[in-house]
>>> print(open('protein.txt').read())   # compact mmCIF, C-alpha atoms (C1' of nucleotides)
# COMPACT_ATOMS: atom_id res chain seq x y z
CA MET A 1 173.24 200.07 151.15
CA ASP A 2 172.93 196.60 152.50
CA ARG A 3 176.22 194.79 152.60
CA ARG A 4 174.52 191.61 151.38
CA GLN A 5 173.45 193.24 148.19
CA LYS A 6 176.91 194.41 147.24
CA LYS A 7 178.38 191.06 148.13
CA THR A 8 175.88 189.12 146.06
CA ARG A 9 176.19 191.51 143.17
CA GLU A 10 179.95 191.15 143.13
CA LEU A 11 179.76 187.39 143.44
CA ILE A 12 177.49 187.22 140.43
CA LEU A 13 179.60 189.61 138.35
CA LYS A 14 182.80 187.75 139.20
CA ALA A 15 181.24 184.40 138.43
CA PHE A 16 180.04 185.82 135.14
CA ILE A 17 183.49 187.11 134.23
CA LYS A 18 185.05 183.82 135.21
CA LEU A 19 182.65 181.90 133.01
CA LEU A 20 183.08 184.35 130.14
CA SER A 21 186.80 183.68 130.20
CA LYS A 22 186.08 180.02 129.53
CA LYS A 23 183.17 180.08 127.12
CA SER A 24 181.15 182.38 124.93
CA TYR A 25 178.37 184.58 126.19
CA SER A 26 175.54 182.54 124.75
CA ALA A 27 177.04 179.36 126.16
CA VAL A 28 176.97 180.75 129.70
CA THR A 29 173.72 179.88 131.43
CA VAL A 30 172.10 181.43 134.46
CA GLY A 31 172.35 178.02 136.11
CA GLN A 32 176.12 178.06 135.74
CA ILE A 33 176.36 181.59 137.03
CA ILE A 34 174.43 180.95 140.23
CA GLN A 35 176.31 177.72 140.78
CA THR A 36 179.67 179.44 140.37
CA ALA A 37 178.59 182.40 142.45
CA ASN A 38 176.99 180.19 145.09
CA VAL A 39 173.84 182.19 144.96
CA GLY A 40 170.19 181.24 144.88
CA ARG A 41 168.26 181.33 141.65
CA ALA A 42 165.68 183.78 142.93
CA THR A 43 168.51 185.97 144.19
CA PHE A 44 170.01 186.23 140.75
CA TYR A 45 166.75 187.38 139.24
CA ALA A 46 166.26 189.81 142.11
CA HIS A 47 169.50 191.48 141.06
CA PHE A 48 169.43 191.16 137.28
CA GLU A 49 166.33 191.07 135.18
CA THR A 50 168.02 188.92 132.59
CA LYS A 51 171.38 187.72 131.33
CA ASP A 52 171.60 190.59 128.87
CA TYR A 53 171.14 193.07 131.67
CA LEU A 54 173.93 191.38 133.53
CA LEU A 55 176.24 191.91 130.57
CA LYS A 56 175.13 195.49 130.27
CA GLU A 57 175.86 196.10 133.94
CA LEU A 58 179.25 194.52 133.52
CA CYS A 59 180.02 196.73 130.55
CA LYS A 60 178.85 199.71 132.53
CA GLU A 61 181.25 198.97 135.37
CA LEU A 62 184.14 198.41 133.03
CA PHE A 63 183.64 201.54 130.98
CA ASP A 64 182.92 203.67 133.98
CA HIS A 65 186.27 202.61 135.26
CA VAL A 66 188.12 203.16 132.01
CA PHE A 67 186.57 206.50 131.26
CA ASP A 68 186.99 207.69 134.81
CA CYS A 69 190.68 207.02 134.47
CA TYR A 70 190.73 209.07 131.33
CA LEU A 71 188.86 212.00 132.75
CA ASN A 72 190.77 212.23 136.01
CA THR A 73 193.73 213.99 134.51
CA ASN A 74 194.46 215.88 137.72
CA ASN A 75 195.87 212.87 139.56
CA ASP A 76 199.47 213.00 140.66
CA GLN A 77 201.28 209.99 139.30
CA GLN A 78 199.02 209.22 136.43
CA GLY A 79 200.18 212.10 134.31
CA LEU A 80 202.20 209.60 132.33
CA PHE A 81 199.21 208.62 130.31
CA CYS A 82 196.87 211.50 130.85
CA CYS A 83 198.54 214.21 128.90
CA ASP A 84 197.51 216.58 126.21
CA ALA A 85 199.25 214.60 123.52
CA PRO A 86 196.63 214.36 120.83
CA ASP A 87 196.41 210.61 120.40
CA SER A 88 196.71 209.63 124.02
CA THR A 89 193.04 208.94 124.48
CA PHE A 90 193.01 205.78 122.45
CA LEU A 91 196.38 204.64 123.66
CA HIS A 92 194.96 205.04 127.11
CA LEU A 93 192.02 202.84 126.26
CA PHE A 94 194.19 200.21 124.65
CA ILE A 95 196.39 200.15 127.72
CA HIS A 96 193.50 199.75 130.11
CA LEU A 97 191.88 197.11 127.99
CA LYS A 98 195.13 195.21 127.66
CA LYS A 99 195.65 195.27 131.41
CA ASN A 100 192.48 193.39 132.11
CA ASP A 101 193.09 191.13 129.18
CA ASN A 102 191.59 187.90 130.30
CA ASN A 103 188.59 189.41 131.91
CA ILE A 104 187.51 192.11 129.56
CA LEU A 105 188.74 191.17 126.16
CA LYS A 106 186.92 187.89 126.09
CA LEU A 107 183.82 190.00 125.75
CA LEU A 108 184.90 190.80 122.23
CA THR A 109 185.84 187.40 120.99
CA SER A 110 182.52 185.86 120.23
CA GLU A 111 179.00 186.54 119.21
CA ASN A 112 178.18 188.96 121.97
CA THR A 113 180.05 191.80 120.32
CA HIS A 114 176.78 193.47 119.58
CA LEU A 115 175.84 194.37 123.13
CA PHE A 116 179.39 195.29 124.00
CA MET A 117 179.71 197.41 120.90
CA GLU A 118 176.45 199.18 121.56
CA TYR A 119 177.51 200.20 125.01
CA PHE A 120 181.00 201.09 123.89
CA GLN A 121 179.75 203.26 121.11
CA GLU A 122 177.63 205.33 123.46
CA ASN A 123 180.65 206.08 125.58
CA LEU A 124 182.93 206.65 122.64
CA ASN A 125 180.51 209.12 121.12
CA GLN A 126 180.65 211.12 124.32
CA LEU A 127 184.40 210.90 124.35
CA ILE A 128 184.83 212.02 120.77
CA ILE A 129 182.39 214.86 121.18
CA SER A 130 183.82 216.13 124.43
CA SER A 131 187.48 215.77 123.58
CA ASN A 132 189.77 217.63 121.26
CA ASP A 133 191.45 214.48 120.15
CA ILE A 134 193.18 214.48 116.82
CA ILE A 135 190.62 211.94 115.67
CA LYS A 136 187.95 214.56 115.85
CA GLN A 137 189.89 216.95 113.66
CA LYS A 138 190.59 214.27 111.10
CA LYS A 139 186.98 213.99 110.11
CA PRO A 140 186.58 214.56 106.37
CA SER A 141 184.21 217.40 105.66
CA PHE A 142 182.01 215.43 103.26
CA VAL A 143 180.74 212.86 105.76
CA PRO A 144 178.15 213.42 108.49
CA ASP A 145 179.26 213.56 112.10
CA SER A 146 177.39 210.39 112.98
CA TYR A 147 179.09 208.52 110.16
CA TRP A 148 182.50 209.57 111.43
CA THR A 149 181.75 208.62 115.01
CA ASN A 150 180.45 205.29 113.87
CA HIS A 151 183.53 204.79 111.72
CA VAL A 152 185.99 205.57 114.48
CA SER A 153 184.39 203.35 117.08
CA SER A 154 183.99 200.51 114.59
CA CYS A 155 187.64 200.72 113.69
CA PHE A 156 188.58 200.78 117.33
CA ILE A 157 186.61 197.63 118.04
CA SER A 158 187.90 195.82 114.99
CA THR A 159 191.45 196.79 115.84
CA LEU A 160 190.92 195.46 119.33
CA LYS A 161 189.56 192.20 118.00
CA TRP A 162 192.41 191.83 115.55
CA TRP A 163 194.89 192.54 118.31
CA ILE A 164 193.54 189.82 120.54
CA LYS A 165 193.18 187.27 117.83
CA GLU A 166 196.17 187.80 115.57
CA SER A 167 198.93 189.60 117.41
CA PRO A 168 198.46 189.82 121.15
CA ALA A 169 202.19 190.30 121.54
CA LEU A 170 202.10 193.78 120.07
CA SER A 171 202.29 196.65 122.53
CA PRO A 172 199.47 199.12 123.12
CA GLU A 173 201.67 201.78 121.53
CA GLU A 174 202.06 199.82 118.33
CA ILE A 175 198.35 199.06 118.18
CA THR A 176 197.54 202.69 118.73
CA ASN A 177 199.89 203.51 115.91
CA TYR A 178 198.09 201.10 113.58
CA PHE A 179 194.76 202.44 114.67
CA ILE A 180 195.50 206.14 114.35
CA ASN A 181 197.39 205.94 111.13
CA THR A 182 195.01 203.80 109.18
CA ILE A 183 192.20 206.17 109.92
CA MET B 184 168.61 165.67 92.85
CA ASP B 185 165.30 164.86 94.38
CA ARG B 186 162.72 167.52 93.72
CA ARG B 187 161.40 167.14 97.24
CA GLN B 188 164.73 168.06 98.75
CA LYS B 189 165.05 171.29 96.80
CA LYS B 190 161.50 172.23 97.57
CA THR B 191 161.88 171.67 101.30
CA ARG B 192 165.21 173.46 101.39
CA GLU B 193 163.76 176.50 99.68
CA LEU B 194 160.70 176.49 101.89
CA ILE B 195 162.88 176.50 104.96
CA LEU B 196 165.19 179.22 103.66
CA LYS B 197 162.29 181.42 102.63
CA ALA B 198 160.55 180.93 105.95
CA PHE B 199 163.79 181.83 107.68
CA ILE B 200 164.20 185.01 105.66
CA LYS B 201 160.60 185.94 106.29
CA LEU B 202 161.00 185.52 110.02
CA LEU B 203 164.33 187.36 110.02
CA SER B 204 162.60 190.35 108.49
CA LYS B 205 160.31 190.48 111.51
CA LYS B 206 162.52 189.60 114.42
CA SER B 207 166.14 189.11 115.36
CA TYR B 208 168.08 185.97 114.68
CA SER B 209 168.12 184.73 118.25
CA ALA B 210 164.39 185.36 118.58
CA VAL B 211 163.65 183.07 115.66
CA THR B 212 163.08 179.51 116.82
CA VAL B 213 163.18 176.28 114.88
CA GLY B 214 159.55 175.78 115.85
CA GLN B 215 158.59 179.01 114.11
CA ILE B 216 160.60 178.13 111.04
CA ILE B 217 159.00 174.73 110.51
CA GLN B 218 155.59 176.17 111.20
CA THR B 219 156.10 178.95 108.66
CA ALA B 220 157.65 176.60 106.15
CA ASN B 221 155.02 173.94 106.74
CA VAL B 222 157.65 171.33 107.23
CA GLY B 223 158.12 168.54 109.73
CA ARG B 224 160.48 168.92 112.62
CA ALA B 225 162.55 165.91 111.69
CA THR B 226 162.72 167.20 108.13
CA PHE B 227 164.29 170.45 109.26
CA TYR B 228 167.01 168.65 111.14
CA ALA B 229 167.55 166.35 108.17
CA HIS B 230 168.42 169.43 106.13
CA PHE B 231 170.18 171.66 108.61
CA GLU B 232 172.23 170.45 111.52
CA THR B 233 171.36 173.53 113.54
CA LYS B 234 170.02 177.07 113.28
CA ASP B 235 173.52 178.46 112.91
CA TYR B 236 174.14 176.20 109.95
CA LEU B 237 170.94 177.46 108.40
CA LEU B 238 172.20 181.03 108.67
CA LYS B 239 175.53 180.01 107.26
CA GLU B 240 173.85 178.35 104.29
CA LEU B 241 171.77 181.45 103.75
CA CYS B 242 174.86 183.65 103.82
CA LYS B 243 176.54 181.28 101.43
CA GLU B 244 173.73 181.56 98.92
CA LEU B 245 173.66 185.33 99.19
CA PHE B 246 177.36 185.85 98.81
CA ASP B 247 177.71 183.29 96.08
CA HIS B 248 175.17 185.31 94.21
CA VAL B 249 176.76 188.68 94.91
CA PHE B 250 180.29 187.58 94.17
CA ASP B 251 179.24 185.71 91.09
CA CYS B 252 177.75 188.92 89.78
CA TYR B 253 181.02 190.65 90.44
CA LEU B 254 183.20 188.03 88.80
CA ASN B 255 181.09 187.58 85.68
CA THR B 256 182.36 190.70 84.03
CA ASN B 257 181.98 189.23 80.56
CA ASN B 258 178.22 189.57 80.50
CA ASP B 259 176.71 191.78 77.86
CA GLN B 260 174.52 194.37 79.51
CA GLN B 261 176.11 194.36 82.90
CA GLY B 262 179.14 196.32 81.90
CA LEU B 263 177.56 199.33 83.52
CA PHE B 264 178.76 198.27 86.89
CA CYS B 265 181.48 195.79 86.10
CA CYS B 266 184.13 198.02 84.76
CA ASP B 267 187.77 198.61 85.52
CA ALA B 268 187.02 201.73 87.48
CA PRO B 269 189.02 201.26 90.65
CA ASP B 270 186.27 201.59 93.23
CA SER B 271 183.56 199.67 91.40
CA THR B 272 183.89 196.55 93.49
CA PHE B 273 182.43 198.02 96.61
CA LEU B 274 179.87 200.10 94.79
CA HIS B 275 178.81 196.86 93.21
CA LEU B 276 178.39 195.23 96.57
CA PHE B 277 176.50 198.16 98.01
CA ILE B 278 174.16 198.10 95.03
CA HIS B 279 173.46 194.40 95.34
CA LEU B 280 172.96 194.60 99.04
CA LYS B 281 170.64 197.56 98.68
CA LYS B 282 168.56 195.74 96.10
CA ASN B 283 167.68 192.95 98.44
CA ASP B 284 167.25 195.37 101.28
CA ASN B 285 164.55 193.77 103.33
CA ASN B 286 165.83 190.27 102.99
CA ILE B 287 169.52 190.61 103.36
CA LEU B 288 170.17 193.69 105.36
CA LYS B 289 168.16 192.54 108.31
CA LEU B 290 170.96 190.09 108.83
CA LEU B 291 173.10 192.98 109.93
CA THR B 292 170.79 194.74 112.26
CA SER B 293 171.00 192.69 115.37
CA GLU B 294 173.17 190.40 117.35
CA ASN B 295 173.92 187.93 114.63
CA THR B 296 176.46 190.20 112.98
CA HIS B 297 179.16 187.90 114.13
CA LEU B 298 178.27 184.97 111.88
CA PHE B 299 177.51 187.24 108.97
CA MET B 300 180.75 189.11 109.43
CA GLU B 301 182.74 185.92 109.63
CA TYR B 302 181.37 184.67 106.38
CA PHE B 303 181.71 188.06 104.74
CA GLN B 304 185.30 188.42 105.77
CA GLU B 305 186.23 185.12 104.16
CA ASN B 306 184.81 186.29 100.87
CA LEU B 307 186.25 189.76 101.16
CA ASN B 308 189.70 188.40 101.80
CA GLN B 309 189.47 186.49 98.57
CA LEU B 310 188.20 189.54 96.79
CA ILE B 311 190.89 191.85 98.07
CA ILE B 312 193.62 189.38 97.33
CA SER B 313 192.44 188.53 93.85
CA SER B 314 191.52 192.03 92.73
CA ASN B 315 193.50 195.10 91.91
CA ASP B 316 191.06 197.36 93.63
CA ILE B 317 192.28 200.72 94.75
CA ILE B 318 191.66 199.56 98.31
CA LYS B 319 194.45 197.07 97.99
CA GLN B 320 196.90 199.72 96.89
CA LYS B 321 195.91 202.05 99.68
CA LYS B 322 197.31 199.77 102.34
CA PRO B 323 199.85 201.62 104.46
CA SER B 324 203.20 199.90 104.45
CA PHE B 325 203.53 199.78 108.22
CA VAL B 326 200.56 197.52 108.92
CA PRO B 327 200.36 193.77 108.29
CA ASP B 328 198.22 192.47 105.46
CA SER B 329 195.80 190.76 107.81
CA TYR B 330 195.28 193.99 109.72
CA TRP B 331 194.42 195.81 106.54
CA THR B 332 191.99 193.17 105.34
CA ASN B 333 190.33 193.16 108.71
CA HIS B 334 190.16 196.93 108.68
CA VAL B 335 188.56 197.15 105.25
CA SER B 336 185.91 194.53 105.87
CA SER B 337 185.09 196.00 109.27
CA CYS B 338 184.64 199.41 107.75
CA PHE B 339 182.48 197.96 105.03
CA ILE B 340 180.18 196.28 107.52
CA SER B 341 179.98 199.29 109.79
CA THR B 342 179.23 201.53 106.82
CA LEU B 343 176.50 199.16 105.78
CA LYS B 344 175.02 199.17 109.26
CA TRP B 345 175.17 202.94 109.48
CA TRP B 346 173.54 203.20 106.07
CA ILE B 347 170.59 201.03 107.07
CA LYS B 348 170.12 202.63 110.42
CA GLU B 349 170.83 206.29 109.90
CA SER B 350 170.46 207.24 106.25
CA PRO B 351 168.78 204.60 104.12
CA ALA B 352 167.83 207.30 101.63
CA LEU B 353 171.42 207.79 100.49
CA SER B 354 172.34 206.20 97.18
CA PRO B 355 174.84 203.38 96.83
CA GLU B 356 177.13 205.82 95.04
CA GLU B 357 177.14 208.22 97.95
CA ILE B 358 177.73 205.43 100.42
CA THR B 359 180.58 204.11 98.34
CA ASN B 360 182.02 207.60 98.33
CA TYR B 361 181.86 207.77 102.13
CA PHE B 362 183.35 204.34 102.40
CA ILE B 363 186.23 204.75 99.98
CA ASN B 364 187.21 208.21 101.07
CA THR B 365 187.25 207.67 104.79
CA ILE B 366 189.58 204.75 104.41
C1' DT C 367 155.49 149.13 88.39
C1' DC C 368 158.40 149.19 92.41
C1' DA C 369 162.24 149.90 95.36
C1' DA C 370 164.41 153.74 97.36
C1' DT C 371 164.09 157.73 99.73
C1' DA C 372 162.18 161.87 101.63
C1' DA C 373 158.67 163.91 104.51
C1' DC C 374 155.49 163.44 108.24
C1' DG C 375 154.33 164.05 113.09
C1' DA C 376 153.95 162.59 117.54
C1' DA C 377 156.39 161.57 121.35
C1' DC C 378 160.49 162.04 123.92
C1' DA C 379 164.65 163.45 126.99
C1' DA C 380 167.23 167.01 128.38
C1' DG C 381 168.01 171.52 129.15
C1' DT C 382 166.74 176.52 129.69
C1' DT C 383 164.32 180.58 131.47
C1' DG C 384 161.88 183.15 134.78
C1' DT C 385 158.49 182.92 138.78
C1' DT C 386 156.57 181.77 143.22
C1' DC C 387 156.61 181.06 148.03
C1' DG C 388 157.49 179.57 152.69
C1' DG C 389 161.36 179.38 155.59
C1' DT C 390 166.06 181.09 157.11
C1' DT C 391 169.63 184.37 157.99
C1' DA C 392 171.99 188.76 158.11
C1' DT C 393 171.58 193.74 158.75
C1' DA C 394 170.57 198.26 160.51
C1' DT C 395 168.26 200.58 163.97
C1' DT C 396 166.56 201.37 168.47
C1' DA D 397 170.88 193.23 173.04
C1' DA D 398 166.37 192.98 170.78
C1' DT D 399 163.67 193.51 166.83
C1' DA D 400 161.69 194.65 162.47
C1' DT D 401 163.18 194.68 157.97
C1' DA D 402 165.07 193.11 154.06
C1' DA D 403 167.87 189.82 151.56
C1' DC D 404 168.83 185.21 150.60
C1' DC D 405 167.74 180.33 150.10
C1' DG D 406 166.09 176.46 147.42
C1' DA D 407 162.77 173.60 145.82
C1' DA D 408 159.24 173.29 142.89
C1' DC D 409 156.96 174.92 138.91
C1' DA D 410 155.18 176.10 134.03
C1' DA D 411 156.52 177.14 129.71
C1' DC D 412 159.46 176.84 126.15
C1' DT D 413 163.75 175.14 123.50
C1' DT D 414 166.53 171.94 121.14
C1' DG D 415 167.57 167.77 118.86
C1' DT D 416 166.35 162.67 118.35
C1' DT D 417 163.72 158.56 117.40
C1' DC D 418 160.63 155.79 114.86
C1' DG D 419 156.73 153.89 112.58
C1' DT D 420 153.87 155.51 108.77
C1' DT D 421 152.82 157.75 104.44
C1' DA D 422 153.79 159.89 100.00
C1' DT D 423 156.76 160.92 96.15
C1' DT D 424 160.32 160.06 92.94
C1' DG D 425 163.20 158.18 89.42
C1' DA D 426 164.45 153.96 87.01
>>> encode(input="protein.txt", output="structure tokens")
Amino acid sequence: MDRRQKKTRELILKAFIKLLSKKSYSAVTVGQIIQTANVGRATFYAHFETKDYLLKELCKELFDHVFDCYLNTNNDQQGLFCCDAPDSTFLHLFIHLKKNDNNILKLLTSENTHLFMEYFQENLNQLIISSNDIIKQKKPSFVPDSYWTNHVSSCFISTLKWWIKESPALSPEEITNYFINTI
Amino acid sequence: MDRRQKKTRELILKAFIKLLSKKSYSAVTVGQIIQTANVGRATFYAHFETKDYLLKELCKELFDHVFDCYLNTNNDQQGLFCCDAPDSTFLHLFIHLKKNDNNILKLLTSENTHLFMEYFQENLNQLIISSNDIIKQKKPSFVPDSYWTNHVSSCFISTLKWWIKESPALSPEEITNYFINTI
DNA sequence: TCAATAACGAACAAGTTGTTCGGTTATATT
DNA sequence: AATATAACCGAACAACTTGTTCGTTATTGA
């Protein structure tokens, strides 16, 4: 609605991302955020109940973007990635995550994995359930659905973390290959 | 050495465990710990540099215990678990972790997974390298060693978390079965 | 017994979170 | 263009953390 709201919200989110690229989540203080964003203290708390909510909102924006890209398969030029090849879903995710490297991936590096993971898992559950990805068909019959979902998303996250930390030079395709074929 | 030191150390560790069973790591404050342990503030900081170090020490004690149990295969009565059956290592771990359920497993429930995981991974690396577990032989040739180690320990942790959260009634044997056969 | 050493606990600085409130500025509407 | 509304400002605030200091007291091991 109000232009001021959007502006302030974006300033805060960008300041947050900027700070997250320099230090870990728990090391970022509200004081630093409002200083970086050039925003009043009361304003911050008018927008975000707490720092955790800020992270959650950030995750929400990121995943909304990523998953929107995945679901919009009817776009013209984007058919390159959005095809019916069975393992394209995860490649797609790896590609998007790699693109925004410095901004997004820092969210995985430190102790704040928990919140990120929680949000990611929700989305991934949806994705796995609603898709016909090869991953879904690979589920062994002797494990419960929830175990399999949990397993897949955990492996995805750990692969992502390993990628960033150990071998950032590898391509999304190679990482996808590791991911799919170890499962 | 000094009896007082051991006593204080144990009081602090026990107070910490007690508090961890009620609330999450980040919600536990040093003030609460020293109050529960009946120990002076300065004393706490004489023993542990910081709260993170306290957790690390706790992890160290736990894992030393668990891994000692695994390595001491020459005990008399304990041959039940410590055999040369290929997948006994992880079953062993699941059993030990299940035993101390309320104390240890709470460490995995919340946002402090990171520190726990870090410490666990160190130990697991050692274990995987030094053992001839079936897990080691299952490594696909196309992935690097470090990726595989990371993968296995991640899956172990996520299985553990799923176990606690979703199906605590399952036996260690069943969980081990899930774990081994999805990898 | 006695010197060393650990624990006590109060007080402290420095930093953090989240709230309040009166004043200022931008916005949407008329 | 004028105005009511809503957002922002920012200073001040209470409450709580962390980690340190230091003089005093109690325990230990030799």
>>> closest_atom_pairs(input="protein.txt", of="chain A", to="chain C", cutoff="9 Å", atoms="only C-alpha atoms (C1' of nucleotides)", output="Markdown table")
| residue | atom | partner | partner_atom | distance |
| --- | --- | --- | --- | --- |
| A:Asp2 | CA | C:DT393 | C1' | 7.0 |
| A:Arg3 | CA | C:DT393 | C1' | 7.8 |
| A:Arg4 | CA | C:DA392 | C1' | 7.7 |
| A:Thr29 | CA | C:DT382 | C1' | 7.9 |
| A:Val30 | CA | C:DT383 | C1' | 8.4 |
| A:Gly31 | CA | C:DT382 | C1' | 8.7 |
| A:Ala42 | CA | C:DT385 | C1' | 8.3 |
| A:Tyr45 | CA | C:DG384 | C1' | 7.8 |
| A:Thr50 | CA | C:DG384 | C1' | 8.7 |
>>> interface_residues(input="protein.txt", of="chain B", to="chain A", cutoff="12 Å", atoms="all atoms listed in the file", output="VMD selection string")
chain B and resid 208 to 209 235 291 to 301 321 to 350 353 357 to 366
>>> atom_distance(input="protein.txt", atom1="CA of Ile216 in chain B", atom2="CA of Leu203 in chain B")
10.0 Å
>>> atom_distance(input="protein.txt", atom1="CA of Gly223 in chain B", atom2="CA of Leu194 in chain B")
11.5 Å
>>> interface_residues(input="protein.txt", of="chain D", to="chain B", cutoff="9 Å", atoms="all atoms listed in the file", output="ChimeraX atom specification")
/D:413-416,423-425
>>> build_atoms(input="protein.txt", residues="range 43-58 of chain A", atoms="N, CA and C atoms", output="short mmCIF file (atom, residue, chain, number, x, y, z; two decimals), in the frame of the given file")
data_model
loop_
_atom_site.label_atom_id
_atom_site.label_comp_id
_atom_site.auth_asym_id
_atom_site.auth_seq_id
_atom_site.Cartn_x
_atom_site.Cartn_y
_atom_site.Cartn_z
N THR A 43 167.64 184.84 143.89
CA THR A 43 168.51 185.97 144.19
C THR A 43 169.06 186.59 142.92
N PHE A 44 169.48 185.71 142.01
CA PHE A 44 170.01 186.23 140.75
C PHE A 44 168.99 187.13 140.07
N TYR A 45 167.77 186.62 139.97
CA TYR A 45 166.75 187.38 139.24
C TYR A 45 166.27 188.59 140.03
N ALA A 46 166.56 188.61 141.33
CA ALA A 46 166.26 189.81 142.11
C ALA A 46 167.26 190.92 141.78
N HIS A 47 168.46 190.51 141.37
CA HIS A 47 169.50 191.48 141.06
C HIS A 47 169.50 191.89 139.58
N PHE A 48 169.35 190.88 138.72
CA PHE A 48 169.43 191.16 137.28
C PHE A 48 168.21 190.59 136.57
N GLU A 49 167.56 191.46 135.85
CA GLU A 49 166.33 191.07 135.18
C GLU A 49 166.56 189.91 134.22
N THR A 50 167.72 189.93 133.57
CA THR A 50 168.02 188.92 132.59
C THR A 50 169.52 188.85 132.35
N LYS A 51 169.95 187.90 131.58
CA LYS A 51 171.38 187.72 131.33
C LYS A 51 171.94 188.91 130.56
N ASP A 52 171.16 189.42 129.64
CA ASP A 52 171.60 190.59 128.87
C ASP A 52 171.83 191.80 129.76
N TYR A 53 170.96 191.96 130.74
CA TYR A 53 171.14 193.07 131.67
C TYR A 53 172.41 192.90 132.49
N LEU A 54 172.69 191.66 132.80
CA LEU A 54 173.93 191.38 133.53
C LEU A 54 175.13 191.83 132.73
N LEU A 55 175.14 191.49 131.44
CA LEU A 55 176.24 191.91 130.57
C LEU A 55 176.32 193.42 130.48
N LYS A 56 175.17 194.03 130.38
CA LYS A 56 175.13 195.49 130.27
C LYS A 56 175.70 196.13 131.53
N GLU A 57 175.34 195.59 132.67
CA GLU A 57 175.86 196.10 133.94
C GLU A 57 177.38 195.93 134.01
N LEU A 58 177.82 194.78 133.52
CA LEU A 58 179.25 194.52 133.52
C LEU A 58 179.97 195.53 132.65
#
